[in-house]
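What follows is one structure encoded as structure tokens, with my remarks underneath.
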Amino acid sequence: MPSREIESPLPESAALSDFLDRLGLAPASALLLDYDGTLAPFRTERDRAYPYPEVVPLLEQILGRNKTRVVIISGRPVSEVKTLLGPLGGIEMWGSHGLERISANGSYVQARIAEGVLELLNEARGWAEEEKLMPLAEVKPGGIAIHWRGMPQNEVEGIEQRIMKGWAEIARSPELKLLRFESGMELRVARPDKGDAVASIVGESAPSTEIAYLGDDLTDEDSFRALNGRGLTVLVRSEYRPTAAQVFLKPPHELIDFLKRWLDRI
């Protein structure tokens, strides 16, 4: 049976406070975090989407307590996330929606992509080149995304219609997924996704480990569904939308407060 979305987040007393109380008693914990829109504000210049000022120092302190496994799970390639997080070391990162993984010790692995799927992605890239959309494109392992942040709405609608038509046949493959995200569209491998990354982390964790996932985008709904019933799920956005997450926080102040409370509990 498909998971239904929660109509509105549970009140803090029923979800967030209870989780934080358990966190204070837990022998270990895991803090799973999306990047864009969660730890960092959206920027038209994607290479300048740095974290909110207090985020990195707080994550460093959380890591320093040696009780929390901190993991970034992003749609970006891990190389980009690593650059944007700057001096923050000893942190685990999953990139390209879970296709890539850098462990806390720096070792890197990438899931295998079938040759036929790579050929389809190359075909999608060729179409974007013909349509002169490459200045808006982000090519990454296992996918190609078209970004339109900051563009007029009439141009956005035109680009979206072109993509839906141009990639429609390619996206029929069950091994690919065409999806919308915050200010863009992406054609990528269907699996793994962020939910698979979360499921892997849960599987690697002891049953007594308290786990939370914070994300903002529609792609984070896979993670919320994967963790619900096992940990805390938090939607981080300036405006609420229907979600499977249990708690809703507005960045940056409520996000920063959450990280401070996490640090206090551990």
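Residues in the structure tokens are named by chain (A, B, ... in the order shown) and by number from 1 within that chain; ligands are numbered from 1 in the order shown.
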Can I get the residues of stretch 27-133 of chain A within 9 Å of stretch 198-213 of chain A, each with the closest pair of atoms and their distance in Å to one decimal, using only C-alpha atoms, sorted chain first then ascending number, as a Markdown table?
| residue | atom | partner | partner_atom | distance |
| --- | --- | --- | --- | --- |
| A:Pro27 | CA | A:Thr209 | CA | 6.9 |
| A:Ala28 | CA | A:Thr209 | CA | 5.0 |
| A:Ser29 | CA | A:Glu210 | CA | 4.6 |
| A:Ala30 | CA | A:Ile211 | CA | 4.7 |
| A:Leu31 | CA | A:Ala212 | CA | 5.3 |
| A:Leu32 | CA | A:Tyr213 | CA | 4.6 |
| A:Leu33 | CA | A:Tyr213 | CA | 5.7 |
| A:Asp34 | CA | A:Tyr213 | CA | 7.9 |
| A:Ile73 | CA | A:Val198 | CA | 8.4 |
| A:Gly98 | CA | A:Val198 | CA | 8.7 |
Residues at most 12 Å from A:Glu119, counting only C-alpha atoms, excluding those fewer than 4 positions away in the same chain, as a PyMOL selection string? chain A and resi 113-115+123-126+142-143+170+173+175-176+189
Within 12 Å of A:Leu214, counting only C-alpha atoms, which residues show up once you throw out same-chain ones fewer than 5 positions away? Write them as a PDB file with C-alpha atoms, in the first residue's frame, please.
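The resulting around-v5.pdb:
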ATOM      1  CA  ALA A  30      22.406   9.680  13.285  1.00  0.00           C
ATOM      2  CA  LEU A  31      21.624  13.101  11.834  1.00  0.00           C
ATOM      3  CA  LEU A  32      20.732  12.867   8.130  1.00  0.00           C
ATOM      4  CA  LEU A  33      20.563  16.132   6.217  1.00  0.00           C
ATOM      5  CA  ASP A  34      19.636  17.271   2.743  1.00  0.00           C
ATOM      6  CA  TYR A  35      21.794  20.156   1.506  1.00  0.00           C
ATOM      7  CA  ASP A  36      20.142  22.718  -0.827  1.00  0.00           C
ATOM      8  CA  GLY A  37      17.145  24.382   0.789  1.00  0.00           C
ATOM      9  CA  THR A  38      17.875  22.672   4.108  1.00  0.00           C
ATOM     10  CA  LEU A  39      21.402  23.554   5.220  1.00  0.00           C
ATOM     11  CA  VAL A  70      26.309  13.088  10.557  1.00  0.00           C
ATOM     12  CA  VAL A  71      25.369  12.330   6.942  1.00  0.00           C
ATOM     13  CA  ILE A  72      24.603  14.679   4.041  1.00  0.00           C
ATOM     14  CA  ILE A  73      22.225  13.160   1.467  1.00  0.00           C
ATOM     15  CA  SER A  74      21.969  15.399  -1.593  1.00  0.00           C
ATOM     16  CA  LYS A 194      17.442   9.222  -1.240  1.00  0.00           C
ATOM     17  CA  VAL A 198      18.314   6.304   4.300  1.00  0.00           C
ATOM     18  CA  THR A 219      12.900  14.232  -3.621  1.00  0.00           C
ATOM     19  CA  ASP A 220      13.189  14.144   0.194  1.00  0.00           C
ATOM     20  CA  GLU A 221       9.753  12.550   0.455  1.00  0.00           C
ATOM     21  CA  ASP A 222      11.406   9.205  -0.378  1.00  0.00           C
ATOM     22  CA  SER A 223      13.585   9.695   2.704  1.00  0.00           C
ATOM     23  CA  PHE A 224      10.661  10.666   4.920  1.00  0.00           C
ATOM     24  CA  LEU A 227      12.366   6.658   7.970  1.00  0.00           C
ATOM     25  CA  GLY A 231      12.980   8.003  13.400  1.00  0.00           C
ATOM     26  CA  LEU A 232      12.100  11.685  13.170  1.00  0.00           C
ATOM     27  CA  THR A 233      11.321  13.284   9.801  1.00  0.00           C
ATOM     28  CA  VAL A 234      11.488  17.062   9.404  1.00  0.00           C
ATOM     29  CA  LEU A 235      10.394  19.288   6.524  1.00  0.00           C
ATOM     30  CA  VAL A 236      12.618  22.399   6.373  1.00  0.00           C
ATOM     31  CA  ARG A 237      11.037  25.121   4.245  1.00  0.00           C
ATOM     32  CA  ALA A 244       5.079  12.755   4.816  1.00  0.00           C
ATOM     33  CA  ALA A 245       7.351  14.481   7.374  1.00  0.00           C
ATOM     34  CA  GLN A 246       6.281  14.660  11.016  1.00  0.00           C
ATOM     35  CA  VAL A 247       7.653  18.113  11.863  1.00  0.00           C
ATOM     36  CA  PHE A 248       7.884  21.425  10.006  1.00  0.00           C
ATOM     37  CA  LEU A 249      10.716  23.915  10.630  1.00  0.00           C
ATOM     38  CA  LYS A 250      11.459  27.232   8.942  1.00  0.00           C
ATOM     39  CA  PRO A 251      15.074  28.018   8.039  1.00  0.00           C
ATOM     40  CA  GLU A 254      14.310  27.118  13.520  1.00  0.00           C
ATOM     41  CA  LEU A 255      16.880  24.917  11.773  1.00  0.00           C
ATOM     42  CA  PHE A 258      17.128  22.344  16.166  1.00  0.00           C
ATOM     43  CA  LEU A 259      20.877  21.797  15.721  1.00  0.00           C
TER      44      LEU A 259
END
From the set A:Arg230, A:Arg65, A:Lys260, A:Lys140, which residue has the shortest atom-to-atom contact distance to A:Glu100, counting only C-alpha atoms?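 Under the stated criterion, the closest residue is A:Lys140.
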Write out as a list of chain:residue names each polymer residue whose atoms come within 12 Å of A:Leu179, counting only C-alpha atoms; drop sequence neighbours fewer than 4 positions from it.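 Non-adjacent residues within range: A:Gly143, A:Ile144, A:Ala145, A:Ile146, A:Glu160, A:Ile163, A:Met164, A:Trp167, A:Ala168, A:Ala171, A:Ser183, A:Gly184, A:Met185, A:Glu186, A:Leu187, A:Arg188, A:Val189, A:Ala190, A:Asp193, A:Asp217, A:Leu218, A:Thr219.
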Using only C-alpha atoms, pick whichever of A:Arg69, A:Arg180, A:Arg112, A:Arg76 has the shortest atom-to-atom distance to A:Trp148.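 Under the stated criterion, the closest residue is A:Arg180.
Between atom CA of A:Glu169 and atom CA of A:Leu120 the separation is 9.9 Å.
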I need the strand (DSSP E or B) residues of stretch 20-101 of chain A per DSSP on the backbone, written as JSON, numbers by chain. {"A": [29, 30, 31, 32, 33, 36, 40, 68, 69, 70, 71, 72, 73, 92, 93, 94, 95, 100, 101]}
Compile the contact shell of A:Val109 as a list of chain:residue names: residues with an atom at most 9 Å away, counting only C-alpha atoms, same-chain residues fewer than 4 positions apart removed. A:Leu99, A:Glu100, A:Arg101, A:Ile102, A:Ser103
Can you tell me which residues surround stretch 46-53 of chain A at a distance of at most 7 Å, considering only C-alpha atoms, apart from same-chain residues fewer than 6 positions away, and format the answer as a count of residues only? 4
Gap from atom CA of A:Met93 to atom CA of A:Leu23 - Å, one decimal: 22.1 Å
